[in-house]
Every structure is written in structure tokens, then in C-alpha cells.
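Engineer: This one is protein.txt, compact mmCIF, C-alpha atoms and all ligand atoms.
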```
# COMPACT_ATOMS: atom_id res chain seq x y z
CA MET A 55 132.63 66.30 86.64
CA LYS A 56 129.22 64.74 86.02
CA SER A 57 128.07 64.51 82.44
CA GLN A 58 124.32 64.47 82.99
CA ASN A 59 122.59 67.78 83.83
CA LYS A 60 120.18 66.50 86.47
CA ILE A 61 119.95 69.66 88.58
CA LEU A 62 119.96 71.96 85.56
CA LYS A 63 116.96 70.04 84.20
CA LYS A 64 115.22 70.37 87.56
CA PHE A 65 115.93 74.13 87.58
CA SER A 66 114.36 74.42 84.10
CA SER A 67 111.35 72.28 84.92
CA GLN A 68 109.41 74.75 87.09
CA LYS A 69 109.00 78.38 88.09
CA GLY A 70 108.88 79.48 91.71
CA GLN A 71 111.20 76.85 93.20
CA ILE A 72 112.75 77.78 96.52
CA ALA A 73 116.39 77.58 97.63
CA ILE A 74 117.49 78.25 101.18
CA LEU A 75 120.96 79.79 101.30
CA ILE A 76 123.13 78.73 104.21
CA ASP A 77 126.21 80.83 104.90
CA PRO A 78 128.43 78.57 107.04
CA GLU A 79 130.06 81.58 108.61
CA LYS A 80 126.75 82.56 110.19
CA SER A 81 124.96 79.19 110.50
CA ASN A 82 127.24 76.40 111.68
CA LYS A 83 125.63 74.98 114.82
CA GLU A 84 124.47 71.42 114.31
CA ASP A 85 121.23 71.64 116.32
CA THR A 86 120.11 74.81 114.52
CA LEU A 87 120.94 73.29 111.14
CA ILE A 88 119.01 70.12 111.96
CA ARG A 89 115.96 72.23 112.92
CA LEU A 90 116.30 74.13 109.65
CA ILE A 91 116.54 70.86 107.69
CA ARG A 92 113.40 69.46 109.35
CA ASN A 93 111.43 72.63 108.56
CA ALA A 94 112.73 72.57 104.98
CA GLU A 95 111.61 68.96 104.57
CA ILE A 96 108.13 69.74 105.93
CA ALA A 97 107.85 72.71 103.55
CA GLU A 98 109.23 70.64 100.64
CA ILE A 99 111.95 73.17 99.90
CA ASP A 100 113.63 72.43 96.58
CA TYR A 101 117.33 73.11 97.28
CA PHE A 102 119.90 74.14 99.81
CA PHE A 103 122.53 76.57 98.54
CA ILE A 104 125.71 76.69 100.59
CA GLY A 105 128.48 79.27 100.49
CA GLY A 106 129.51 82.78 101.46
CA SER A 107 131.87 85.65 100.74
CA THR A 108 134.04 85.30 103.85
CA VAL A 109 133.45 81.75 105.13
CA THR A 110 136.40 79.62 106.32
CA LYS A 111 137.19 76.24 104.78
CA TYR A 112 136.61 74.64 108.19
CA ASP A 113 133.07 76.00 108.56
CA PHE A 114 132.26 75.25 104.91
CA GLU A 115 133.24 71.59 105.26
CA LYS A 116 131.58 71.19 108.64
CA VAL A 117 128.23 72.54 107.42
CA ILE A 118 128.27 70.64 104.14
CA SER A 119 128.84 67.38 106.05
CA ILE A 120 125.95 68.10 108.43
CA LEU A 121 123.63 68.77 105.49
CA LYS A 122 124.79 65.73 103.51
CA ASN A 123 124.32 63.43 106.52
CA ASN A 124 120.86 64.69 107.41
CA THR A 125 118.84 65.37 104.28
CA ASN A 126 118.14 64.34 100.71
CA ILE A 127 117.25 67.87 99.61
CA PRO A 128 119.68 68.65 96.76
CA LEU A 129 122.75 70.50 97.94
CA ILE A 130 124.19 73.14 95.63
CA ILE A 131 127.38 75.09 96.25
CA PHE A 132 127.15 78.86 95.79
CA PRO A 133 130.89 79.48 96.09
CA GLY A 134 132.48 82.64 97.41
CA SER A 135 135.96 81.43 96.53
CA ALA A 136 138.02 78.60 95.05
CA TYR A 137 138.20 76.44 98.19
CA GLN A 138 134.40 76.22 98.49
CA ILE A 139 134.16 72.99 96.52
CA SER A 140 133.14 69.53 97.74
CA GLU A 141 132.05 66.22 96.31
CA LYS A 142 129.42 66.00 99.02
CA ALA A 143 127.30 68.50 97.08
CA ASP A 144 125.08 67.52 94.14
CA ALA A 145 126.08 70.51 92.02
CA ILE A 146 128.02 73.76 92.00
CA LEU A 147 126.92 77.08 90.55
CA TYR A 148 130.07 77.79 88.54
CA LEU A 149 129.77 81.54 88.94
CA SER A 150 131.31 84.20 86.75
CA LEU A 151 130.68 87.64 88.23
CA ILE A 152 129.82 89.19 84.86
CA SER A 153 128.46 92.47 86.26
CA GLY A 154 132.00 93.16 87.52
CA ARG A 155 135.32 93.74 85.84
CA ASN A 156 137.52 91.94 88.32
CA PRO A 157 139.35 89.11 86.50
CA GLU A 158 139.77 87.23 89.77
CA TYR A 159 135.99 86.53 89.83
CA LEU A 160 135.68 86.07 86.08
CA ILE A 161 138.42 83.43 85.69
CA GLY A 162 141.09 83.65 88.44
CA GLN A 163 139.33 81.65 91.18
CA HIS A 164 138.18 79.16 88.55
CA VAL A 165 141.74 78.40 87.47
CA ASN A 166 142.75 77.86 91.10
CA SER A 167 140.14 75.13 91.59
CA ALA A 168 140.05 73.72 88.03
CA ASN A 169 142.03 70.49 88.47
CA GLU A 170 140.33 69.50 91.68
CA LEU A 171 136.83 70.31 90.42
CA PHE A 172 137.37 68.48 87.13
CA GLU A 173 138.06 65.26 89.05
CA MET A 174 135.02 65.60 91.31
CA ASP A 175 131.78 63.69 90.85
CA ILE A 176 129.65 66.82 90.88
CA GLU A 177 127.42 68.63 88.38
CA ILE A 178 128.97 71.89 87.14
CA MET A 179 126.47 74.65 86.30
CA PRO A 180 128.05 77.59 84.41
CA THR A 181 126.22 80.63 85.80
CA GLY A 182 126.27 84.30 84.81
CA TYR A 183 126.21 86.00 88.20
CA ILE A 184 124.94 89.57 88.02
CA LEU A 185 125.02 91.89 91.01
CA ILE A 186 122.40 94.63 91.10
CA ASP A 187 122.50 97.51 93.57
CA GLY A 188 120.27 96.52 96.48
CA GLY A 189 120.30 99.91 98.22
CA ASN A 190 123.23 99.11 100.52
CA LYS A 191 126.81 97.97 100.06
CA SER A 192 126.76 94.16 99.99
CA SER A 193 129.58 92.00 101.29
CA VAL A 194 129.93 90.36 97.87
CA ALA A 195 130.48 93.77 96.21
CA TYR A 196 133.05 94.64 98.88
CA VAL A 197 134.90 91.31 98.79
CA SER A 198 134.90 91.09 94.99
CA GLN A 199 135.82 94.78 94.67
CA THR A 200 133.20 95.22 91.95
CA THR A 201 130.45 97.77 91.39
CA PRO A 202 126.91 96.41 91.11
CA ILE A 203 124.73 97.50 88.19
CA PRO A 204 122.49 100.44 89.23
CA ARG A 205 118.95 99.19 89.81
CA ASP A 206 117.40 101.59 87.30
CA GLN A 207 119.75 100.43 84.51
CA THR A 208 117.58 97.62 83.19
CA ASN A 209 119.23 97.86 79.77
CA ILE A 210 122.70 97.25 81.14
CA ALA A 211 121.43 94.32 83.24
CA THR A 212 119.69 92.83 80.20
CA LYS A 213 122.72 93.23 77.93
CA THR A 214 124.95 91.69 80.60
CA ALA A 215 122.64 88.66 80.84
CA ILE A 216 122.52 88.29 77.05
CA ALA A 217 126.32 88.46 76.81
CA GLY A 218 126.56 85.83 79.53
CA VAL A 219 124.27 83.43 77.67
CA LEU A 220 126.14 84.07 74.40
CA GLN A 221 129.31 83.12 76.25
CA GLY A 222 127.70 79.82 77.21
CA LYS A 223 126.34 80.45 80.69
CA GLN A 224 123.46 78.06 81.29
CA ILE A 225 121.86 80.02 84.14
CA ILE A 226 121.47 83.71 85.01
CA TYR A 227 121.54 84.71 88.70
CA PHE A 228 120.41 88.24 89.57
CA ASP A 229 121.53 89.02 93.10
CA ALA A 230 120.84 92.20 95.06
CA GLY A 231 123.33 90.93 97.69
CA SER A 232 122.70 89.30 101.02
CA GLY A 233 120.68 91.56 103.30
CA ALA A 234 119.75 93.92 100.46
CA LYS A 235 117.34 96.71 101.36
CA LYS A 236 115.75 96.53 97.92
CA THR A 237 115.04 93.34 95.98
CA ILE A 238 115.68 92.77 92.25
CA PRO A 239 113.22 94.78 90.12
CA ILE A 240 110.62 92.61 88.35
CA GLU A 241 111.27 94.53 85.12
CA MET A 242 114.79 93.08 84.86
CA ILE A 243 113.44 89.55 85.03
CA LYS A 244 110.80 90.09 82.37
CA ASN A 245 113.47 91.35 79.98
CA ILE A 246 115.55 88.16 80.10
CA GLN A 247 112.74 85.63 79.67
CA LYS A 248 113.57 85.44 75.97
CA LEU A 249 116.98 83.93 76.77
CA ASN A 250 115.35 80.64 77.73
CA VAL A 251 117.73 79.82 80.54
CA PRO A 252 116.74 79.22 84.17
CA ILE A 253 116.70 82.43 86.22
CA ILE A 254 117.76 82.62 89.87
CA VAL A 255 116.91 85.68 91.96
CA GLY A 256 118.02 86.55 95.48
CA GLY A 257 118.91 89.28 97.93
CA GLY A 258 116.69 90.85 100.59
CA ILE A 259 113.61 88.67 99.99
CA LYS A 260 111.38 88.54 103.09
CA LYS A 261 107.78 88.35 101.93
CA ILE A 262 105.57 85.66 100.43
CA GLU A 263 104.15 88.40 98.22
CA THR A 264 107.59 89.06 96.68
CA ILE A 265 108.13 85.33 96.12
CA ASN A 266 104.78 85.10 94.31
CA GLU A 267 105.65 88.08 92.12
CA TYR A 268 108.93 86.45 91.11
CA LYS A 269 107.22 83.13 90.45
CA ASN A 270 104.64 84.81 88.23
CA SER A 271 107.37 86.74 86.36
CA GLY A 272 109.09 83.48 85.43
CA VAL A 273 111.84 83.11 88.02
CA ASN A 274 112.85 79.45 88.33
CA VAL A 275 114.66 79.57 91.67
CA ILE A 276 114.08 82.14 94.43
CA VAL A 277 116.82 82.29 97.08
CA LEU A 278 116.25 83.14 100.73
CA GLY A 279 119.14 83.58 103.16
CA ASN A 280 119.12 86.25 105.85
CA HIS A 281 115.42 86.22 106.55
CA ILE A 282 115.51 82.51 107.32
CA GLU A 283 118.69 82.82 109.38
CA ASN A 284 116.75 85.26 111.55
CA ASN A 285 113.54 83.24 111.62
CA ILE A 286 113.81 79.51 110.92
CA ASP A 287 110.04 79.06 111.26
CA PHE A 288 109.43 81.29 108.25
CA VAL A 289 110.38 78.19 106.23
CA LEU A 290 107.08 76.60 107.29
CA ASP A 291 105.18 79.52 105.72
CA LEU A 292 106.61 78.43 102.38
CA LYS A 293 104.86 75.07 102.45
CA ASN A 294 101.61 75.94 100.71
CA LEU A 295 103.34 78.25 98.32
CA ASN A 296 105.59 75.42 97.23
CA LYS A 297 102.61 73.24 96.44
CA ASN A 298 101.31 75.87 94.07
CA LYS A 299 104.01 75.89 91.44
CA ILE A 300 103.07 77.04 87.97
C1 LIG B 401 122.56 86.51 98.55
O1 LIG B 401 120.86 85.90 97.05
C2 LIG B 401 121.36 85.69 98.32
O2 LIG B 401 123.62 86.16 97.76
C3 LIG B 401 120.37 85.76 99.43
O3 LIG B 401 120.19 87.04 100.00
O4 LIG B 401 120.51 86.67 102.43
O5 LIG B 401 119.31 88.70 101.60
O6 LIG B 401 118.25 86.46 101.46
P1 LIG B 401 119.53 87.21 101.44
```
Take the structure from the file and write it as C-alpha cells.
Ligand code: 1GP
Structural biologist:
Amino acid sequence: MKSQNKILKKFSSQKGQIAILIDPEKSNKEDTLIRLIRNAEIAEIDYFFIGGSTVTKYDFEKVISILKNNTNIPLIIFPGSAYQISEKADAILYLSLISGRNPEYLIGQHVNSANELFEMDIEIMPTGYILIDGGNKSSVAYVSQTTPIPRDQTNIATKTAIAGVLQGKQIIYFDAGSGAKKTIPIEMIKNIQKLNVPIIVGGGIKKIETINEYKNSGVNVIVLGNHIENNIDFVLDLKNLNKNKI
């Protein structure tokens, strides 16, 4: 466990930073990953997130090694389960699925990996992970057997985020789920600005326009997964945007 909060400080330092999410179950070919890395370096992407709901340990370790060996872009684990941990990453989002009521994703998986993670030289980032209904059933909702917060229930989402911060979470992640039809409502983000913790938003983001809206509403890190898996060259469109941070 690293004592200094290098990545957390970087999260807090700017709005509109970009993370590319790599799900090793879907993206595990070395040549494709190298192309993605090169595009990400050209576009000055801020982070790679790595993880998934149903990824195997083999694919997770293979992809994390390819990334570690080929880029200096910070590598952050977005774990789907207890075995998705590695010292090759710079940090891990230590997720508690606080929109759900499944103890396995609130504490169970954490206990399973606690000893190993404690010994690792990696930054631990306690994160309140809040699933919002994205208009379709997401794999994370299915795998975690939890119900996302309805997208018109801004009050519940806000109270959940507040409770998370009061419990000591240092980051709030609003996720509409990978491949969401509808992205996280801007209103929800505005309501949690007062908490003064970095905000991550993801799920279904495909447009520069949406990214700009999030940036202007105070989102620190905007996550893109599916859309980039389907179109690696979209990363290059993020170059100018990245130069324009507020
Ligand atoms: C999902 O927030 C991420 O957990 C990213 O979603 O794959 O839809 O971009 P997408």
C-alpha cells in the first residue's frame, strides 16, 4: 500500500480529464492494444482504467503486462472482482458498490483480497461506486445482482454520494454501465459538487459534446470504454479537447 496519494491528487487537480477503459475480456490482442496506446499518447489521454465484470485472471494479467511494458500513461485498476489486483498498476479504485445492497460488493470481495493488496506497492483509492440506470440492463448490475438507482431519482443518487463521502470514500464514480443507452444526467453531477471529492463519470459516452458538458459541470475524470473499443481512432478526436482543460 502506497502512502502518498499521487493519483488522487492528479484526479483532484483538473476537470475534464479522460480515462480509457480497457476490458481485457474484449480487448486482449497485443497489436490492437499497442495501436490504442499510440493513439492515447498522441491525444495525451490522462489514464488507462483496466478491469471488467466477467474478465478472467489470465486476460487481466496479460493485458496489464502489455500496458505496463508499452506506456507511461498511469494505469488504474477498475476491478470487477477480488483477483483483479496487480502491482503493475499505479493505483486501484477500491470500489464499494454503494448504490447496491449486496454485501459481496460492499465488503466481501475486499476481504478476499485484503492481505495481498495491503502488501502491494500500489495506491489505494477508496471509491463510492454508484450505478445509475442507463436505459438497459448493464453487465455490472447483472453480475453484482444489484438494482441501479433510477435515473430520475437525483435525490437518492445525491444522498448515496453524501453517505459514501461521510463513510470516508475519497472519490465518487457515477456509472450508467458499460454500453449504456443513456448517459449520467448532468443534474446528478451538479448536486454533488459540494462534496469536494473528485467525480468520475462513465457509461455510454460517445460524443465530444457530452464530454464537454461533463467537463463544464465539474467532472474530474470522464471514462470511455465501448465507443473506443469499436473505434480506436476516436481517441485522436480527443486530442484538442484534452488541451483545453479548465
Ligand atoms: C463502464 O463507465 C464505464 O463501467 C464505461 O462505459 O463502455 O459505455 O464507455 P462504456
Engineer: Residues within 9 Å of (134.1, 77.5, 102.3), file coordinates, counting all atoms listed in the file: what are they? Give the list as number ranges by chain.
Structural biologist: A: 77-79, 104-115, 133-139
Engineer: Per residue of chain A within 6 Å of ligand LIG 401 (chain B), which atom pair is closest and at what distance in Å (one decimal), using all atoms listed in the file, listed by chain and increasing number, as a tab-separated table?
Structural biologist:
```
residue	atom	partner	partner_atom	distance
A:Asp229	CA	B:LIG401	O1	5.1
A:Gly231	CA	B:LIG401	C1	4.6
A:Ser232	CA	B:LIG401	O5	3.5
A:Gly233	CA	B:LIG401	O5	3.6
A:Ala234	CA	B:LIG401	O5	5.4
A:Gly256	CA	B:LIG401	O1	3.3
A:Gly257	CA	B:LIG401	O3	3.3
A:Gly258	CA	B:LIG401	O5	3.5
A:Ile259	CA	B:LIG401	O6	5.3
A:Val277	CA	B:LIG401	O1	5.4
A:Leu278	CA	B:LIG401	O6	3.9
A:Gly279	CA	B:LIG401	O4	3.5
A:Asn280	CA	B:LIG401	O4	3.7
A:His281	CA	B:LIG401	O6	5.8
```
Engineer: Restricting the calculation to all atoms listed in the file, which member of A:Val273, A:Met55, A:Ala143, A:Phe228 is positioned closest to Ala168 in chain A?
Structural biologist: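 Result for the nearest residue to Ala168 in chain A: A:Met55.
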Engineer: Could you please determine the separation between CA of Ser140 in chain A and CA of Ala97 in chain A in Å, to one decimal place?
Structural biologist: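 Computing the Euclidean distance for CA of Ser140 in chain A and CA of Ala97 in chain A yields 26.1 Å.
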Engineer: Do you know which residues are at most 7 Å from range 219-224 of chain A counting all atoms listed in the file, after dropping those on the same chain fewer than 2 positions away, and could you put them as a ChimeraX atom specification?
Structural biologist: /A:179-182,215-217,251
Engineer: Distance CA of Thr86 in chain A-CA of Asn285 in chain A, one decimal place?
Structural biologist: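 Computing the Euclidean distance for CA of Thr86 in chain A and CA of Asn285 in chain A yields 11.1 Å.
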Engineer: Just give me the gap between CA of Gly188 in chain A and CA of Lys236 in chain A in Å, one decimal is fine.
Structural biologist: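 Computed distance, CA of Gly188 in chain A to CA of Lys236 in chain A, equals 4.7 Å.
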Engineer: With N, CA and C atoms retained, output range 93-138 of chain A as a PDB file, in the first residue's frame.
Structural biologist:
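result.pdb, freshly written:
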```pdb
ATOM      1  N   ASN A  93      -2.275   5.864 -30.032  1.00  0.00           N
ATOM      2  CA  ASN A  93      -3.298   6.920 -30.190  1.00  0.00           C
ATOM      3  C   ASN A  93      -3.487   7.690 -28.881  1.00  0.00           C
ATOM      4  N   ALA A  94      -3.507   6.959 -27.777  1.00  0.00           N
ATOM      5  CA  ALA A  94      -3.722   7.594 -26.465  1.00  0.00           C
ATOM      6  C   ALA A  94      -2.566   8.539 -26.130  1.00  0.00           C
ATOM      7  N   GLU A  95      -1.357   8.149 -26.528  1.00  0.00           N
ATOM      8  CA  GLU A  95      -0.200   9.016 -26.253  1.00  0.00           C
ATOM      9  C   GLU A  95      -0.263  10.277 -27.110  1.00  0.00           C
ATOM     10  N   ILE A  96      -0.658  10.114 -28.375  1.00  0.00           N
ATOM     11  CA  ILE A  96      -0.792  11.282 -29.267  1.00  0.00           C
ATOM     12  C   ILE A  96      -1.843  12.242 -28.688  1.00  0.00           C
ATOM     13  N   ALA A  97      -2.947  11.685 -28.216  1.00  0.00           N
ATOM     14  CA  ALA A  97      -4.055  12.512 -27.713  1.00  0.00           C
ATOM     15  C   ALA A  97      -3.836  12.972 -26.270  1.00  0.00           C
ATOM     16  N   GLU A  98      -2.716  12.559 -25.693  1.00  0.00           N
ATOM     17  CA  GLU A  98      -2.401  12.913 -24.292  1.00  0.00           C
ATOM     18  C   GLU A  98      -3.528  12.537 -23.329  1.00  0.00           C
ATOM     19  N   ILE A  99      -3.983  11.317 -23.475  1.00  0.00           N
ATOM     20  CA  ILE A  99      -5.005  10.765 -22.582  1.00  0.00           C
ATOM     21  C   ILE A  99      -4.416  10.656 -21.171  1.00  0.00           C
ATOM     22  N   ASP A 100      -5.239  10.922 -20.171  1.00  0.00           N
ATOM     23  CA  ASP A 100      -4.721  11.020 -18.802  1.00  0.00           C
ATOM     24  C   ASP A 100      -4.490   9.680 -18.107  1.00  0.00           C
ATOM     25  N   TYR A 101      -5.401   8.713 -18.345  1.00  0.00           N
ATOM     26  CA  TYR A 101      -5.307   7.432 -17.615  1.00  0.00           C
ATOM     27  C   TYR A 101      -5.819   6.276 -18.469  1.00  0.00           C
ATOM     28  N   PHE A 102      -5.309   5.101 -18.170  1.00  0.00           N
ATOM     29  CA  PHE A 102      -5.980   3.880 -18.606  1.00  0.00           C
ATOM     30  C   PHE A 102      -6.631   3.268 -17.373  1.00  0.00           C
ATOM     31  N   PHE A 103      -7.909   2.904 -17.502  1.00  0.00           N
ATOM     32  CA  PHE A 103      -8.562   2.078 -16.482  1.00  0.00           C
ATOM     33  C   PHE A 103      -8.572   0.667 -17.037  1.00  0.00           C
ATOM     34  N   ILE A 104      -8.378  -0.311 -16.171  1.00  0.00           N
ATOM     35  CA  ILE A 104      -8.406  -1.697 -16.641  1.00  0.00           C
ATOM     36  C   ILE A 104      -9.244  -2.554 -15.686  1.00  0.00           C
ATOM     37  N   GLY A 105     -10.139  -3.335 -16.276  1.00  0.00           N
ATOM     38  CA  GLY A 105     -10.974  -4.223 -15.463  1.00  0.00           C
ATOM     39  C   GLY A 105     -12.262  -4.563 -16.186  1.00  0.00           C
ATOM     40  N   GLY A 106     -13.056  -5.436 -15.570  1.00  0.00           N
ATOM     41  CA  GLY A 106     -14.324  -5.828 -16.183  1.00  0.00           C
ATOM     42  C   GLY A 106     -15.102  -6.749 -15.265  1.00  0.00           C
ATOM     43  N   SER A 107     -16.382  -6.914 -15.586  1.00  0.00           N
ATOM     44  CA  SER A 107     -17.265  -7.700 -14.708  1.00  0.00           C
ATOM     45  C   SER A 107     -17.012  -9.194 -14.828  1.00  0.00           C
ATOM     46  N   THR A 108     -16.574  -9.650 -16.018  1.00  0.00           N
ATOM     47  CA  THR A 108     -16.503 -11.106 -16.238  1.00  0.00           C
ATOM     48  C   THR A 108     -15.145 -11.548 -16.809  1.00  0.00           C
ATOM     49  N   VAL A 109     -14.128 -10.705 -16.634  1.00  0.00           N
ATOM     50  CA  VAL A 109     -12.807 -10.997 -17.209  1.00  0.00           C
ATOM     51  C   VAL A 109     -12.091 -12.126 -16.431  1.00  0.00           C
ATOM     52  N   THR A 110     -11.307 -12.938 -17.168  1.00  0.00           N
ATOM     53  CA  THR A 110     -10.542 -13.995 -16.493  1.00  0.00           C
ATOM     54  C   THR A 110      -9.229 -13.422 -15.953  1.00  0.00           C
ATOM     55  N   LYS A 111      -8.666 -14.113 -14.966  1.00  0.00           N
ATOM     56  CA  LYS A 111      -7.393 -13.678 -14.382  1.00  0.00           C
ATOM     57  C   LYS A 111      -6.303 -13.680 -15.454  1.00  0.00           C
ATOM     58  N   TYR A 112      -6.350 -14.658 -16.346  1.00  0.00           N
ATOM     59  CA  TYR A 112      -5.350 -14.772 -17.409  1.00  0.00           C
ATOM     60  C   TYR A 112      -5.370 -13.519 -18.301  1.00  0.00           C
ATOM     61  N   ASP A 113      -6.550 -13.164 -18.780  1.00  0.00           N
ATOM     62  CA  ASP A 113      -6.644 -11.993 -19.670  1.00  0.00           C
ATOM     63  C   ASP A 113      -6.283 -10.706 -18.929  1.00  0.00           C
ATOM     64  N   PHE A 114      -6.707 -10.609 -17.666  1.00  0.00           N
ATOM     65  CA  PHE A 114      -6.400  -9.419 -16.869  1.00  0.00           C
ATOM     66  C   PHE A 114      -4.883  -9.232 -16.772  1.00  0.00           C
ATOM     67  N   GLU A 115      -4.181 -10.301 -16.439  1.00  0.00           N
ATOM     68  CA  GLU A 115      -2.727 -10.189 -16.247  1.00  0.00           C
ATOM     69  C   GLU A 115      -1.993  -9.976 -17.562  1.00  0.00           C
ATOM     70  N   LYS A 116      -2.490 -10.595 -18.606  1.00  0.00           N
ATOM     71  CA  LYS A 116      -1.874 -10.426 -19.928  1.00  0.00           C
ATOM     72  C   LYS A 116      -1.966  -8.955 -20.365  1.00  0.00           C
ATOM     73  N   VAL A 117      -3.157  -8.388 -20.246  1.00  0.00           N
ATOM     74  CA  VAL A 117      -3.373  -7.014 -20.731  1.00  0.00           C
ATOM     75  C   VAL A 117      -2.636  -6.003 -19.854  1.00  0.00           C
ATOM     76  N   ILE A 118      -2.615  -6.220 -18.560  1.00  0.00           N
ATOM     77  CA  ILE A 118      -1.930  -5.271 -17.679  1.00  0.00           C
ATOM     78  C   ILE A 118      -0.423  -5.279 -17.972  1.00  0.00           C
ATOM     79  N   SER A 119       0.128  -6.439 -18.301  1.00  0.00           N
ATOM     80  CA  SER A 119       1.553  -6.502 -18.644  1.00  0.00           C
ATOM     81  C   SER A 119       1.825  -5.765 -19.955  1.00  0.00           C
ATOM     82  N   ILE A 120       0.964  -5.937 -20.935  1.00  0.00           N
ATOM     83  CA  ILE A 120       1.161  -5.243 -22.225  1.00  0.00           C
ATOM     84  C   ILE A 120       1.143  -3.730 -21.995  1.00  0.00           C
ATOM     85  N   LEU A 121       0.201  -3.262 -21.205  1.00  0.00           N
ATOM     86  CA  LEU A 121       0.109  -1.817 -20.956  1.00  0.00           C
ATOM     87  C   LEU A 121       1.349  -1.324 -20.203  1.00  0.00           C
ATOM     88  N   LYS A 122       1.710  -2.023 -19.158  1.00  0.00           N
ATOM     89  CA  LYS A 122       2.852  -1.621 -18.330  1.00  0.00           C
ATOM     90  C   LYS A 122       4.145  -1.550 -19.156  1.00  0.00           C
ATOM     91  N   ASN A 123       4.297  -2.507 -20.084  1.00  0.00           N
ATOM     92  CA  ASN A 123       5.531  -2.568 -20.869  1.00  0.00           C
ATOM     93  C   ASN A 123       5.568  -1.564 -22.004  1.00  0.00           C
ATOM     94  N   ASN A 124       4.444  -0.931 -22.313  1.00  0.00           N
ATOM     95  CA  ASN A 124       4.410  -0.110 -23.521  1.00  0.00           C
ATOM     96  C   ASN A 124       4.019   1.343 -23.333  1.00  0.00           C
ATOM     97  N   THR A 125       3.692   1.745 -22.103  1.00  0.00           N
ATOM     98  CA  THR A 125       3.310   3.151 -21.940  1.00  0.00           C
ATOM     99  C   THR A 125       3.579   3.660 -20.526  1.00  0.00           C
ATOM    100  N   ASN A 126       3.715   4.981 -20.436  1.00  0.00           N
ATOM    101  CA  ASN A 126       3.848   5.614 -19.117  1.00  0.00           C
ATOM    102  C   ASN A 126       2.549   6.266 -18.666  1.00  0.00           C
ATOM    103  N   ILE A 127       1.511   6.157 -19.481  1.00  0.00           N
ATOM    104  CA  ILE A 127       0.206   6.688 -19.043  1.00  0.00           C
ATOM    105  C   ILE A 127      -0.200   5.924 -17.777  1.00  0.00           C
ATOM    106  N   PRO A 128      -0.609   6.657 -16.711  1.00  0.00           N
ATOM    107  CA  PRO A 128      -0.956   5.964 -15.464  1.00  0.00           C
ATOM    108  C   PRO A 128      -2.028   4.884 -15.667  1.00  0.00           C
ATOM    109  N   LEU A 129      -1.794   3.781 -14.989  1.00  0.00           N
ATOM    110  CA  LEU A 129      -2.625   2.593 -15.145  1.00  0.00           C
ATOM    111  C   LEU A 129      -3.404   2.387 -13.840  1.00  0.00           C
ATOM    112  N   ILE A 130      -4.723   2.400 -13.958  1.00  0.00           N
ATOM    113  CA  ILE A 130      -5.560   2.326 -12.749  1.00  0.00           C
ATOM    114  C   ILE A 130      -6.525   1.153 -12.871  1.00  0.00           C
ATOM    115  N   ILE A 131      -6.516   0.304 -11.862  1.00  0.00           N
ATOM    116  CA  ILE A 131      -7.407  -0.868 -11.896  1.00  0.00           C
ATOM    117  C   ILE A 131      -8.830  -0.450 -11.505  1.00  0.00           C
ATOM    118  N   PHE A 132      -9.773  -0.904 -12.315  1.00  0.00           N
ATOM    119  CA  PHE A 132     -11.203  -0.692 -12.066  1.00  0.00           C
ATOM    120  C   PHE A 132     -11.763  -2.107 -11.894  1.00  0.00           C
ATOM    121  N   PRO A 133     -11.627  -2.658 -10.673  1.00  0.00           N
ATOM    122  CA  PRO A 133     -11.778  -4.113 -10.509  1.00  0.00           C
ATOM    123  C   PRO A 133     -13.222  -4.601 -10.537  1.00  0.00           C
ATOM    124  N   GLY A 134     -13.424  -5.718 -11.206  1.00  0.00           N
ATOM    125  CA  GLY A 134     -14.734  -6.363 -11.206  1.00  0.00           C
ATOM    126  C   GLY A 134     -14.810  -7.434 -10.136  1.00  0.00           C
ATOM    127  N   SER A 135     -13.649  -7.863  -9.633  1.00  0.00           N
ATOM    128  CA  SER A 135     -13.653  -8.849  -8.554  1.00  0.00           C
ATOM    129  C   SER A 135     -12.281  -8.909  -7.891  1.00  0.00           C
ATOM    130  N   ALA A 136     -12.195  -9.713  -6.824  1.00  0.00           N
ATOM    131  CA  ALA A 136     -11.048  -9.698  -5.919  1.00  0.00           C
ATOM    132  C   ALA A 136      -9.721 -10.070  -6.587  1.00  0.00           C
ATOM    133  N   TYR A 137      -9.764 -10.871  -7.661  1.00  0.00           N
ATOM    134  CA  TYR A 137      -8.487 -11.270  -8.259  1.00  0.00           C
ATOM    135  C   TYR A 137      -7.941 -10.208  -9.230  1.00  0.00           C
ATOM    136  N   GLN A 138      -8.716  -9.158  -9.490  1.00  0.00           N
ATOM    137  CA  GLN A 138      -8.226  -8.125 -10.408  1.00  0.00           C
ATOM    138  C   GLN A 138      -7.387  -7.104  -9.634  1.00  0.00           C
TER     139      GLN A 138
END
```
